Amino acid sequence: MVTQQFISQTKELIDGLKAICANYGLGNDGNEYKIISQAFLYKFMNDKFGYEVKKLDARLGQAANWEAEVASYSNDDYEMLLMKLPPDSAHLYPRHFLSQLFQRQNDEEFAKYFDDTLRDIAHTNNDIFSVKTDSGAKVQLFDELSNYITDRSKRDAFCRALINQLVKFSFEAIFQLKFDFFATIFEYLIKDYNKDGGGKYAEYYTPHAVANIMAKILVAGPVANVTVYDPAAGSGSLLMSLAHQIGEERCTIYSQDISQKSSGMLRLNLILNNLVHSIQNIIQGNTLSHPYHREGEQLKTFDFVVSNPPFKLDFSDFRDALDSKANHERFFAGLPNVPNKDKDKMAIYLVFIQHIIYSLAPNGKAAIVVPTGFLTAQSGIEKKIREKLVNDKMLRGVVAMPSNIFATTGTNVSVLFLDKANTEGGIVLMDASKLGETVKDGKNQKTLLSPAEEQHIINTFNQRNVVDEFSVVLSYEQIAEKNFSFSAGQYFDVRVEYVDLTPEQFNAKMAGFRQNLDALFNKSRNITEEIMEKTISLKYE
């Protein structure tokens, strides 16, 4: 009940921020998401700081005004307090507090003070919260938000409106809720800014059901001190689900994505989900042409990889640069050719799959969202990739998902599971395409899996159960014999139903068949005669 109350309050806060942007002419503006996400993040960090310092000093928890109490500390005592903070908490000074901005909102040039405060917080915490680009440059935590208002005379009022929205309630009582609460809030926060096709690479939000299935199949038991990677991370929904399944304190996340917007959202997602220690590994840049994560001269390999890469995208501007001797081992199956027309239909996901295979540790595991057509293509790069997965014995299985599992794309998708330790076979191919309930999602249809259906998929896969018309368990040799098809339906037994009949019943059925055939022949003969008569009549008219 308390959780639901805070979810409602938080959604109202987000809606209020969006309304402010709309009232100041920024509704659906390209910069609106920066204002919403960064204002939300500032409040989160302020409230998290209060939550943490109250645990360190009982006086602050008992004080009527903890901000005033902590501001009375000596400089040395305050620095000692900061040193005791957990590593995922921002270091704030009294000049940074939300209450301080609220009290000074009627000052002249308040917008400048507001921007300066956020910039100072970003600078103070630069080593912890900055995202790096593939060139090594650092992208700070906050922008100067008031600058997005082109009319200078309205900037003070705009910043006052933001502050008055942020002080309506505190997050302090809900930080222990962690993933389950903040996953819901994050999805609500970004839902208007993270649509499929809204930018380059994988910016769209992977449905929670798909992310949950991928995580629980990849990690069926306890693991610790592992690395997790997504080369096209988007806003990080797959990484968050996997980290939650492993345990946030037992894994380190690595990612790369070319999108500035996605990298900013992923940073917010990590902060919300107690994964601040991984922000230093979040890279904004082109994974295919400039992969950042390395161990010496070699690309770094990872224990777990999850990805929902873009399926189609024009990458002709750097395609030829990938076709170099240095990349031949990484892109072993080749690179898609540039089509004469519709360059944006280049199958870039095939390049990402090859990069993921190359990025797996010796016993690494991966889960990759692919278009279902990949499972059965009889030639080209698709076939070469499937052959390698079978011949090198690193296939764990496939789950074909229901159509419209992504509301924003009609492409049928499957999840490809890799496991370099699965050398003995027992490969699970599953057809879950008939599961789920179709609902309306805006202008689109969306298929929703129930929790029971999600669990059925997970249990069937992890337990390697054979279920009629649903799942098969195969050897590598069986898949090779079927021309390396990964489609479960091609391995289902053909079912022939037998019915015992007496001689009298058999004769009666045969008589019925003869009657039907005679009736069809007579009908056909009559139609033919009518056509002949009409033809002759027309000839002599």
# chains A, B, ... in the order shown; residues from 1 in each chain; ligands from 1
>>> residues_around(residues="segment 4-21 of chain A", least_positions_apart="2", cutoff="8 Å", atoms="only C-alpha atoms", output="number ranges by chain")
A: 1-2, 23-27, 32, 36, 40, 158, 161-162, 165-166, 169, 174, 181, 185, 188-189
>>> write_last_selection(atoms="N, CA and C atoms", output="mmCIF file, in the first residue's frame")
data_model
loop_
_atom_site.group_PDB
_atom_site.id
_atom_site.type_symbol
_atom_site.label_atom_id
_atom_site.label_comp_id
_atom_site.auth_asym_id
_atom_site.auth_seq_id
_atom_site.Cartn_x
_atom_site.Cartn_y
_atom_site.Cartn_z
ATOM 1 N N MET A 1 0.838 -1.205 0.000
ATOM 2 C CA MET A 1 0.000 0.000 0.000
ATOM 3 C C MET A 1 0.874 1.257 0.000
ATOM 4 N N VAL A 2 1.929 1.239 0.864
ATOM 5 C CA VAL A 2 2.841 2.372 0.927
ATOM 6 C C VAL A 2 3.576 2.531 -0.393
ATOM 7 N N ASN A 23 4.061 24.222 -20.379
ATOM 8 C CA ASN A 23 3.621 25.604 -20.145
ATOM 9 C C ASN A 23 4.657 26.635 -20.579
ATOM 10 N N TYR A 24 5.903 26.208 -20.643
ATOM 11 C CA TYR A 24 6.966 27.124 -21.071
ATOM 12 C C TYR A 24 7.447 26.830 -22.488
ATOM 13 N N GLY A 25 6.615 26.148 -23.250
ATOM 14 C CA GLY A 25 6.888 25.948 -24.670
ATOM 15 C C GLY A 25 7.864 24.846 -24.997
ATOM 16 N N LEU A 26 8.105 23.936 -24.038
ATOM 17 C CA LEU A 26 9.068 22.867 -24.274
ATOM 18 C C LEU A 26 8.420 21.492 -24.389
ATOM 19 N N GLY A 27 7.100 21.440 -24.444
ATOM 20 C CA GLY A 27 6.419 20.169 -24.623
ATOM 21 C C GLY A 27 6.802 19.549 -25.953
ATOM 22 N N GLU A 32 13.327 18.388 -23.890
ATOM 23 C CA GLU A 32 12.437 18.189 -22.739
ATOM 24 C C GLU A 32 12.918 17.043 -21.853
ATOM 25 N N ILE A 36 13.434 16.998 -17.695
ATOM 26 C CA ILE A 36 12.669 16.083 -16.838
ATOM 27 C C ILE A 36 13.605 15.152 -16.082
ATOM 28 N N PHE A 40 14.578 15.460 -12.041
ATOM 29 C CA PHE A 40 14.231 14.291 -11.229
ATOM 30 C C PHE A 40 15.478 13.758 -10.523
ATOM 31 N N PHE A 158 10.649 29.873 -14.751
ATOM 32 C CA PHE A 158 10.721 28.455 -15.121
ATOM 33 C C PHE A 158 11.445 27.659 -14.033
ATOM 34 N N ALA A 161 9.384 27.311 -10.908
ATOM 35 C CA ALA A 161 8.324 26.305 -11.074
ATOM 36 C C ALA A 161 8.881 24.896 -10.865
ATOM 37 N N LEU A 162 10.087 24.636 -11.388
ATOM 38 C CA LEU A 162 10.705 23.323 -11.199
ATOM 39 C C LEU A 162 10.948 23.047 -9.721
ATOM 40 N N GLN A 165 7.900 22.254 -7.702
ATOM 41 C CA GLN A 165 7.390 20.916 -7.987
ATOM 42 C C GLN A 165 8.199 19.861 -7.232
ATOM 43 N N LEU A 166 9.500 20.075 -7.113
ATOM 44 C CA LEU A 166 10.384 19.073 -6.520
ATOM 45 C C LEU A 166 10.246 18.951 -5.008
ATOM 46 N N PHE A 169 7.237 16.307 -1.972
ATOM 47 C CA PHE A 169 7.376 15.164 -1.058
ATOM 48 C C PHE A 169 8.806 14.660 -1.152
ATOM 49 N N ILE A 174 11.609 5.482 0.720
ATOM 50 C CA ILE A 174 11.474 4.386 -0.254
ATOM 51 C C ILE A 174 12.801 3.902 -0.838
ATOM 52 N N PHE A 181 10.696 -0.887 -7.251
ATOM 53 C CA PHE A 181 10.056 0.426 -7.292
ATOM 54 C C PHE A 181 10.618 1.269 -8.429
ATOM 55 N N ILE A 185 9.259 3.279 -11.959
ATOM 56 C CA ILE A 185 9.362 4.730 -12.089
ATOM 57 C C ILE A 185 10.200 5.120 -13.297
ATOM 58 N N TYR A 188 8.279 4.779 -16.459
ATOM 59 C CA TYR A 188 7.293 5.862 -16.584
ATOM 60 C C TYR A 188 7.982 7.176 -16.938
ATOM 61 N N LEU A 189 9.149 7.380 -16.354
ATOM 62 C CA LEU A 189 9.888 8.622 -16.566
ATOM 63 C C LEU A 189 10.282 8.803 -18.025
#
>>> residues_around(residues="Glu187 of chain A", least_positions_apart="2", cutoff="10 Å", atoms="only C-alpha atoms", output="list in words")
Phe182, Ala183, Thr184, Ile185, Leu189, Ile190, Lys191, Asp192, Asn194, Tyr205, Thr206, Pro207, His208, Ser235, Ser237 and Asn269 of chain A
>>> residues_around(residues="Pro231 of chain A", least_positions_apart="4", cutoff="10 Å", atoms="only C-alpha atoms", output="number ranges by chain")
A: 202, 254-258, 283, 285-288, 291-293, 305-309, 352-353, 355-356, 359
>>> select_by_dssp(residues="segment 38-150 of chain A", states="alpha helix (DSSP H)", output="mmCIF file with N, CA and C atoms, in the first residue's frame")
data_model
loop_
_atom_site.group_PDB
_atom_site.id
_atom_site.type_symbol
_atom_site.label_atom_id
_atom_site.label_comp_id
_atom_site.auth_asym_id
_atom_site.auth_seq_id
_atom_site.Cartn_x
_atom_site.Cartn_y
_atom_site.Cartn_z
ATOM 1 N N GLN A 38 16.918 15.287 -15.568
ATOM 2 C CA GLN A 38 17.927 15.901 -14.701
ATOM 3 C C GLN A 38 17.303 16.558 -13.473
ATOM 4 N N ALA A 39 16.130 17.160 -13.611
ATOM 5 C CA ALA A 39 15.441 17.695 -12.438
ATOM 6 C C ALA A 39 15.066 16.567 -11.479
ATOM 7 N N PHE A 40 14.578 15.460 -12.041
ATOM 8 C CA PHE A 40 14.231 14.291 -11.229
ATOM 9 C C PHE A 40 15.478 13.758 -10.523
ATOM 10 N N LEU A 41 16.588 13.678 -11.260
ATOM 11 C CA LEU A 41 17.828 13.153 -10.687
ATOM 12 C C LEU A 41 18.338 14.053 -9.564
ATOM 13 N N TYR A 42 18.246 15.371 -9.739
ATOM 14 C CA TYR A 42 18.684 16.288 -8.688
ATOM 15 C C TYR A 42 17.902 16.041 -7.405
ATOM 16 N N LYS A 43 16.584 15.899 -7.528
ATOM 17 C CA LYS A 43 15.772 15.630 -6.340
ATOM 18 C C LYS A 43 16.160 14.290 -5.713
ATOM 19 N N PHE A 44 16.343 13.281 -6.543
ATOM 20 C CA PHE A 44 16.706 11.953 -6.046
ATOM 21 C C PHE A 44 18.009 12.021 -5.241
ATOM 22 N N MET A 45 19.014 12.726 -5.793
ATOM 23 C CA MET A 45 20.313 12.795 -5.125
ATOM 24 C C MET A 45 20.224 13.592 -3.819
ATOM 25 N N ASN A 46 19.422 14.641 -3.827
ATOM 26 C CA ASN A 46 19.226 15.432 -2.612
ATOM 27 C C ASN A 46 18.581 14.593 -1.514
ATOM 28 N N ASP A 47 17.511 13.895 -1.854
ATOM 29 C CA ASP A 47 16.806 13.086 -0.853
ATOM 30 C C ASP A 47 17.652 11.889 -0.409
ATOM 31 N N LYS A 48 18.427 11.318 -1.333
ATOM 32 C CA LYS A 48 19.292 10.185 -0.982
ATOM 33 C C LYS A 48 20.380 10.646 -0.011
ATOM 34 N N PHE A 49 20.905 11.836 -0.224
ATOM 35 C CA PHE A 49 21.914 12.376 0.686
ATOM 36 C C PHE A 49 21.328 12.513 2.093
ATOM 37 N N GLY A 50 20.120 13.072 2.194
ATOM 38 C CA GLY A 50 19.476 13.196 3.497
ATOM 39 C C GLY A 50 19.250 11.857 4.155
ATOM 40 N N TYR A 51 18.829 10.877 3.383
ATOM 41 C CA TYR A 51 18.585 9.520 3.894
ATOM 42 C C TYR A 51 19.870 8.911 4.458
ATOM 43 N N GLU A 52 20.980 9.091 3.746
ATOM 44 C CA GLU A 52 22.242 8.474 4.157
ATOM 45 C C GLU A 52 22.853 9.169 5.381
ATOM 46 N N VAL A 53 22.839 10.502 5.418
ATOM 47 C CA VAL A 53 23.474 11.192 6.559
ATOM 48 C C VAL A 53 22.678 10.980 7.837
ATOM 49 N N LYS A 54 21.378 10.812 7.729
ATOM 50 C CA LYS A 54 20.571 10.538 8.919
ATOM 51 C C LYS A 54 20.928 9.180 9.530
ATOM 52 N N LYS A 55 21.350 8.242 8.678
ATOM 53 C CA LYS A 55 21.776 6.941 9.194
ATOM 54 C C LYS A 55 23.140 7.050 9.885
ATOM 55 N N LEU A 56 23.946 8.024 9.454
ATOM 56 C CA LEU A 56 25.289 8.177 10.020
ATOM 57 C C LEU A 56 25.288 8.953 11.336
ATOM 58 N N ALA A 58 22.580 10.130 14.349
ATOM 59 C CA ALA A 58 21.222 10.056 14.897
ATOM 60 C C ALA A 58 20.631 11.435 15.145
ATOM 61 N N ARG A 59 21.490 12.430 15.437
ATOM 62 C CA ARG A 59 20.982 13.789 15.683
ATOM 63 C C ARG A 59 20.238 14.332 14.463
ATOM 64 N N LEU A 60 20.736 14.001 13.286
ATOM 65 C CA LEU A 60 20.112 14.510 12.060
ATOM 66 C C LEU A 60 18.739 13.877 11.855
ATOM 67 N N GLY A 61 18.605 12.601 12.205
ATOM 68 C CA GLY A 61 17.319 11.943 12.070
ATOM 69 C C GLY A 61 16.281 12.487 13.024
ATOM 70 N N GLN A 62 16.729 12.991 14.170
ATOM 71 C CA GLN A 62 15.803 13.514 15.180
ATOM 72 C C GLN A 62 15.532 15.007 15.023
ATOM 73 N N TRP A 66 16.840 18.797 9.279
ATOM 74 C CA TRP A 66 18.157 18.171 9.188
ATOM 75 C C TRP A 66 19.127 19.016 8.364
ATOM 76 N N GLU A 67 18.595 19.742 7.346
ATOM 77 C CA GLU A 67 19.477 20.568 6.521
ATOM 78 C C GLU A 67 20.149 21.658 7.367
ATOM 79 N N ALA A 68 19.371 22.298 8.240
ATOM 80 C CA ALA A 68 19.933 23.342 9.101
ATOM 81 C C ALA A 68 20.907 22.745 10.106
ATOM 82 N N GLU A 69 20.584 21.566 10.631
ATOM 83 C CA GLU A 69 21.445 20.916 11.616
ATOM 84 C C GLU A 69 22.801 20.541 11.008
ATOM 85 N N VAL A 70 22.775 19.934 9.816
ATOM 86 C CA VAL A 70 24.035 19.503 9.208
ATOM 87 C C VAL A 70 24.857 20.706 8.746
ATOM 88 N N ALA A 71 24.173 21.808 8.415
ATOM 89 C CA ALA A 71 24.883 23.023 7.992
ATOM 90 C C ALA A 71 25.659 23.648 9.146
ATOM 91 N N ASN A 75 33.759 22.558 9.406
ATOM 92 C CA ASN A 75 34.248 22.071 8.119
ATOM 93 C C ASN A 75 34.847 20.668 8.235
ATOM 94 N N ASP A 76 35.619 20.452 9.276
ATOM 95 C CA ASP A 76 36.250 19.142 9.463
ATOM 96 C C ASP A 76 35.210 18.058 9.711
ATOM 97 N N ASP A 77 34.215 18.365 10.554
ATOM 98 C CA ASP A 77 33.170 17.376 10.844
ATOM 99 C C ASP A 77 32.360 17.056 9.581
ATOM 100 N N TYR A 78 32.136 18.092 8.781
ATOM 101 C CA TYR A 78 31.351 17.866 7.554
ATOM 102 C C TYR A 78 32.138 16.978 6.591
ATOM 103 N N GLU A 79 33.427 17.242 6.435
ATOM 104 C CA GLU A 79 34.233 16.419 5.534
ATOM 105 C C GLU A 79 34.303 14.979 6.030
ATOM 106 N N MET A 80 34.368 14.809 7.343
ATOM 107 C CA MET A 80 34.369 13.454 7.904
ATOM 108 C C MET A 80 33.054 12.742 7.605
ATOM 109 N N LEU A 81 31.956 13.484 7.686
ATOM 110 C CA LEU A 81 30.650 12.910 7.357
ATOM 111 C C LEU A 81 30.619 12.455 5.899
ATOM 112 N N LEU A 82 31.134 13.282 4.996
ATOM 113 C CA LEU A 82 31.160 12.923 3.575
ATOM 114 C C LEU A 82 31.991 11.666 3.341
ATOM 115 N N MET A 83 33.080 11.522 4.072
ATOM 116 C CA MET A 83 33.946 10.358 3.895
ATOM 117 C C MET A 83 33.241 9.063 4.295
ATOM 118 N N LYS A 84 32.274 9.171 5.208
ATOM 119 C CA LYS A 84 31.563 7.975 5.681
ATOM 120 C C LYS A 84 30.394 7.579 4.777
ATOM 121 N N LEU A 98 18.239 21.175 -1.906
ATOM 122 C CA LEU A 98 16.977 21.599 -2.512
ATOM 123 C C LEU A 98 16.301 22.675 -1.657
ATOM 124 N N SER A 99 16.402 22.517 -0.340
ATOM 125 C CA SER A 99 15.788 23.508 0.560
ATOM 126 C C SER A 99 16.432 24.890 0.388
ATOM 127 N N GLN A 100 17.740 24.911 0.095
ATOM 128 C CA GLN A 100 18.428 26.183 -0.112
ATOM 129 C C GLN A 100 17.917 26.867 -1.380
ATOM 130 N N LEU A 101 17.726 26.106 -2.449
ATOM 131 C CA LEU A 101 17.174 26.679 -3.685
ATOM 132 C C LEU A 101 15.746 27.176 -3.461
ATOM 133 N N PHE A 102 14.987 26.401 -2.697
ATOM 134 C CA PHE A 102 13.601 26.789 -2.427
ATOM 135 C C PHE A 102 13.553 28.128 -1.691
ATOM 136 N N GLN A 103 14.446 28.307 -0.717
ATOM 137 C CA GLN A 103 14.464 29.537 0.071
ATOM 138 C C GLN A 103 14.921 30.752 -0.745
ATOM 139 N N PHE A 110 17.624 34.162 -10.345
ATOM 140 C CA PHE A 110 17.518 32.848 -9.709
ATOM 141 C C PHE A 110 17.899 31.730 -10.680
ATOM 142 N N ALA A 111 17.586 31.890 -11.964
ATOM 143 C CA ALA A 111 17.919 30.854 -12.948
ATOM 144 C C ALA A 111 19.419 30.602 -12.985
ATOM 145 N N LYS A 112 20.194 31.684 -12.901
ATOM 146 C CA LYS A 112 21.649 31.525 -12.902
ATOM 147 C C LYS A 112 22.104 30.780 -11.652
ATOM 148 N N TYR A 113 21.513 31.134 -10.503
ATOM 149 C CA TYR A 113 21.866 30.447 -9.261
ATOM 150 C C TYR A 113 21.499 28.961 -9.347
ATOM 151 N N PHE A 114 20.343 28.679 -9.912
ATOM 152 C CA PHE A 114 19.873 27.301 -10.104
ATOM 153 C C PHE A 114 20.871 26.531 -10.967
ATOM 154 N N ASP A 115 21.241 27.084 -12.113
ATOM 155 C CA ASP A 115 22.178 26.411 -13.016
ATOM 156 C C ASP A 115 23.549 26.251 -12.377
ATOM 157 N N ASP A 116 24.009 27.285 -11.691
ATOM 158 C CA ASP A 116 25.320 27.224 -11.044
ATOM 159 C C ASP A 116 25.359 26.132 -9.981
ATOM 160 N N THR A 117 24.247 25.968 -9.271
ATOM 161 C CA THR A 117 24.175 24.931 -8.232
ATOM 162 C C THR A 117 24.311 23.544 -8.844
ATOM 163 N N LEU A 118 23.548 23.299 -9.903
ATOM 164 C CA LEU A 118 23.625 21.979 -10.546
ATOM 165 C C LEU A 118 25.007 21.734 -11.140
ATOM 166 N N ARG A 119 25.578 22.773 -11.746
ATOM 167 C CA ARG A 119 26.900 22.622 -12.332
ATOM 168 C C ARG A 119 27.949 22.340 -11.244
ATOM 169 N N ASP A 120 27.798 22.988 -10.091
ATOM 170 C CA ASP A 120 28.729 22.766 -8.986
ATOM 171 C C ASP A 120 28.612 21.346 -8.440
ATOM 172 N N ILE A 121 27.390 20.828 -8.358
ATOM 173 C CA ILE A 121 27.186 19.440 -7.926
ATOM 174 C C ILE A 121 27.878 18.492 -8.909
ATOM 175 N N ALA A 122 27.692 18.753 -10.204
ATOM 176 C CA ALA A 122 28.307 17.904 -11.224
ATOM 177 C C ALA A 122 29.832 17.937 -11.114
ATOM 178 N N HIS A 123 30.379 19.125 -10.927
ATOM 179 C CA HIS A 123 31.838 19.256 -10.829
ATOM 180 C C HIS A 123 32.365 18.564 -9.573
ATOM 181 N N THR A 124 31.670 18.732 -8.455
ATOM 182 C CA THR A 124 32.098 18.131 -7.192
ATOM 183 C C THR A 124 32.115 16.610 -7.280
ATOM 184 N N ASN A 126 32.315 14.782 -10.183
ATOM 185 C CA ASN A 126 32.660 14.442 -11.564
ATOM 186 C C ASN A 126 33.280 13.054 -11.692
ATOM 187 N N ASP A 127 34.147 12.683 -10.759
ATOM 188 C CA ASP A 127 34.831 11.396 -10.854
ATOM 189 C C ASP A 127 33.885 10.215 -10.687
ATOM 190 N N ILE A 128 32.767 10.433 -10.006
ATOM 191 C CA ILE A 128 31.829 9.336 -9.734
ATOM 192 C C ILE A 128 30.758 9.228 -10.807
ATOM 193 N N PHE A 129 30.228 10.359 -11.239
ATOM 194 C CA PHE A 129 29.008 10.343 -12.031
ATOM 195 C C PHE A 129 29.182 10.703 -13.506
#
>>> select_by_dssp(residues="segment 41-288 of chain A", states="strand (DSSP E or B)", output="ChimeraX atom specification")
/A:131-133,138-139,226-230,251-257,282-284
>>> write_last_selection(atoms="N, CA and C atoms", output="compact mmCIF listing (two decimals), in the first residue's frame")
# COMPACT_ATOMS: atom_id res chain seq x y z
N VAL A 131 29.90 10.24 -17.40
CA VAL A 131 29.96 9.23 -18.46
C VAL A 131 31.06 9.63 -19.42
N LYS A 132 31.85 8.65 -19.87
CA LYS A 132 32.93 8.93 -20.81
C LYS A 132 32.49 8.66 -22.24
N THR A 133 33.11 9.36 -23.17
CA THR A 133 32.93 9.07 -24.59
C THR A 133 34.05 8.13 -25.02
N LYS A 138 34.77 13.51 -20.81
CA LYS A 138 33.77 13.26 -19.79
C LYS A 138 32.52 14.09 -20.03
N VAL A 139 31.36 13.45 -19.90
CA VAL A 139 30.06 14.11 -20.03
C VAL A 139 29.51 14.30 -18.62
N VAL A 226 31.10 -11.03 -11.23
CA VAL A 226 31.03 -11.25 -12.67
C VAL A 226 30.88 -9.92 -13.40
N THR A 227 31.21 -9.95 -14.69
CA THR A 227 31.07 -8.77 -15.54
C THR A 227 29.87 -8.94 -16.46
N VAL A 228 29.17 -7.85 -16.68
CA VAL A 228 27.95 -7.84 -17.49
C VAL A 228 28.10 -6.74 -18.54
N TYR A 229 27.73 -7.03 -19.79
CA TYR A 229 28.02 -6.10 -20.90
C TYR A 229 26.83 -6.03 -21.84
N ASP A 230 26.59 -4.82 -22.36
CA ASP A 230 25.63 -4.62 -23.44
C ASP A 230 26.26 -3.65 -24.43
N CYS A 251 28.06 -7.80 -9.24
CA CYS A 251 28.39 -7.68 -10.67
C CYS A 251 28.87 -6.26 -10.98
N THR A 252 29.62 -6.16 -12.06
CA THR A 252 30.06 -4.88 -12.58
C THR A 252 29.56 -4.75 -14.01
N ILE A 253 28.93 -3.63 -14.29
CA ILE A 253 28.31 -3.41 -15.60
C ILE A 253 29.24 -2.64 -16.52
N TYR A 254 29.24 -3.05 -17.79
CA TYR A 254 29.94 -2.34 -18.84
C TYR A 254 28.96 -2.12 -19.99
N SER A 255 29.08 -0.99 -20.66
CA SER A 255 28.18 -0.77 -21.80
C SER A 255 28.79 0.23 -22.76
N GLN A 256 28.18 0.30 -23.93
CA GLN A 256 28.52 1.33 -24.90
C GLN A 256 27.29 1.56 -25.76
N ASP A 257 27.06 2.81 -26.13
CA ASP A 257 25.95 3.16 -27.02
C ASP A 257 26.28 4.49 -27.68
N ILE A 282 30.38 3.17 -18.39
CA ILE A 282 29.35 3.51 -19.37
C ILE A 282 29.96 4.44 -20.41
N ILE A 283 30.01 3.98 -21.64
CA ILE A 283 30.71 4.70 -22.69
C ILE A 283 29.73 5.16 -23.76
N GLN A 284 29.84 6.43 -24.11
CA GLN A 284 29.06 6.98 -25.22
C GLN A 284 29.94 6.95 -26.47
>>> atom_distance(atom1="atom CA of Arg160 of chain A", atom2="atom CA of Ser37 of chain A")
16.9 Å
>>> atom_distance(atom1="atom CA of Glu144 of chain A", atom2="atom CA of Gly234 of chain A")
23.6 Å
>>> atom_distance(atom1="atom CA of Gly334 of chain A", atom2="atom CA of Val398 of chain A")
22.7 Å
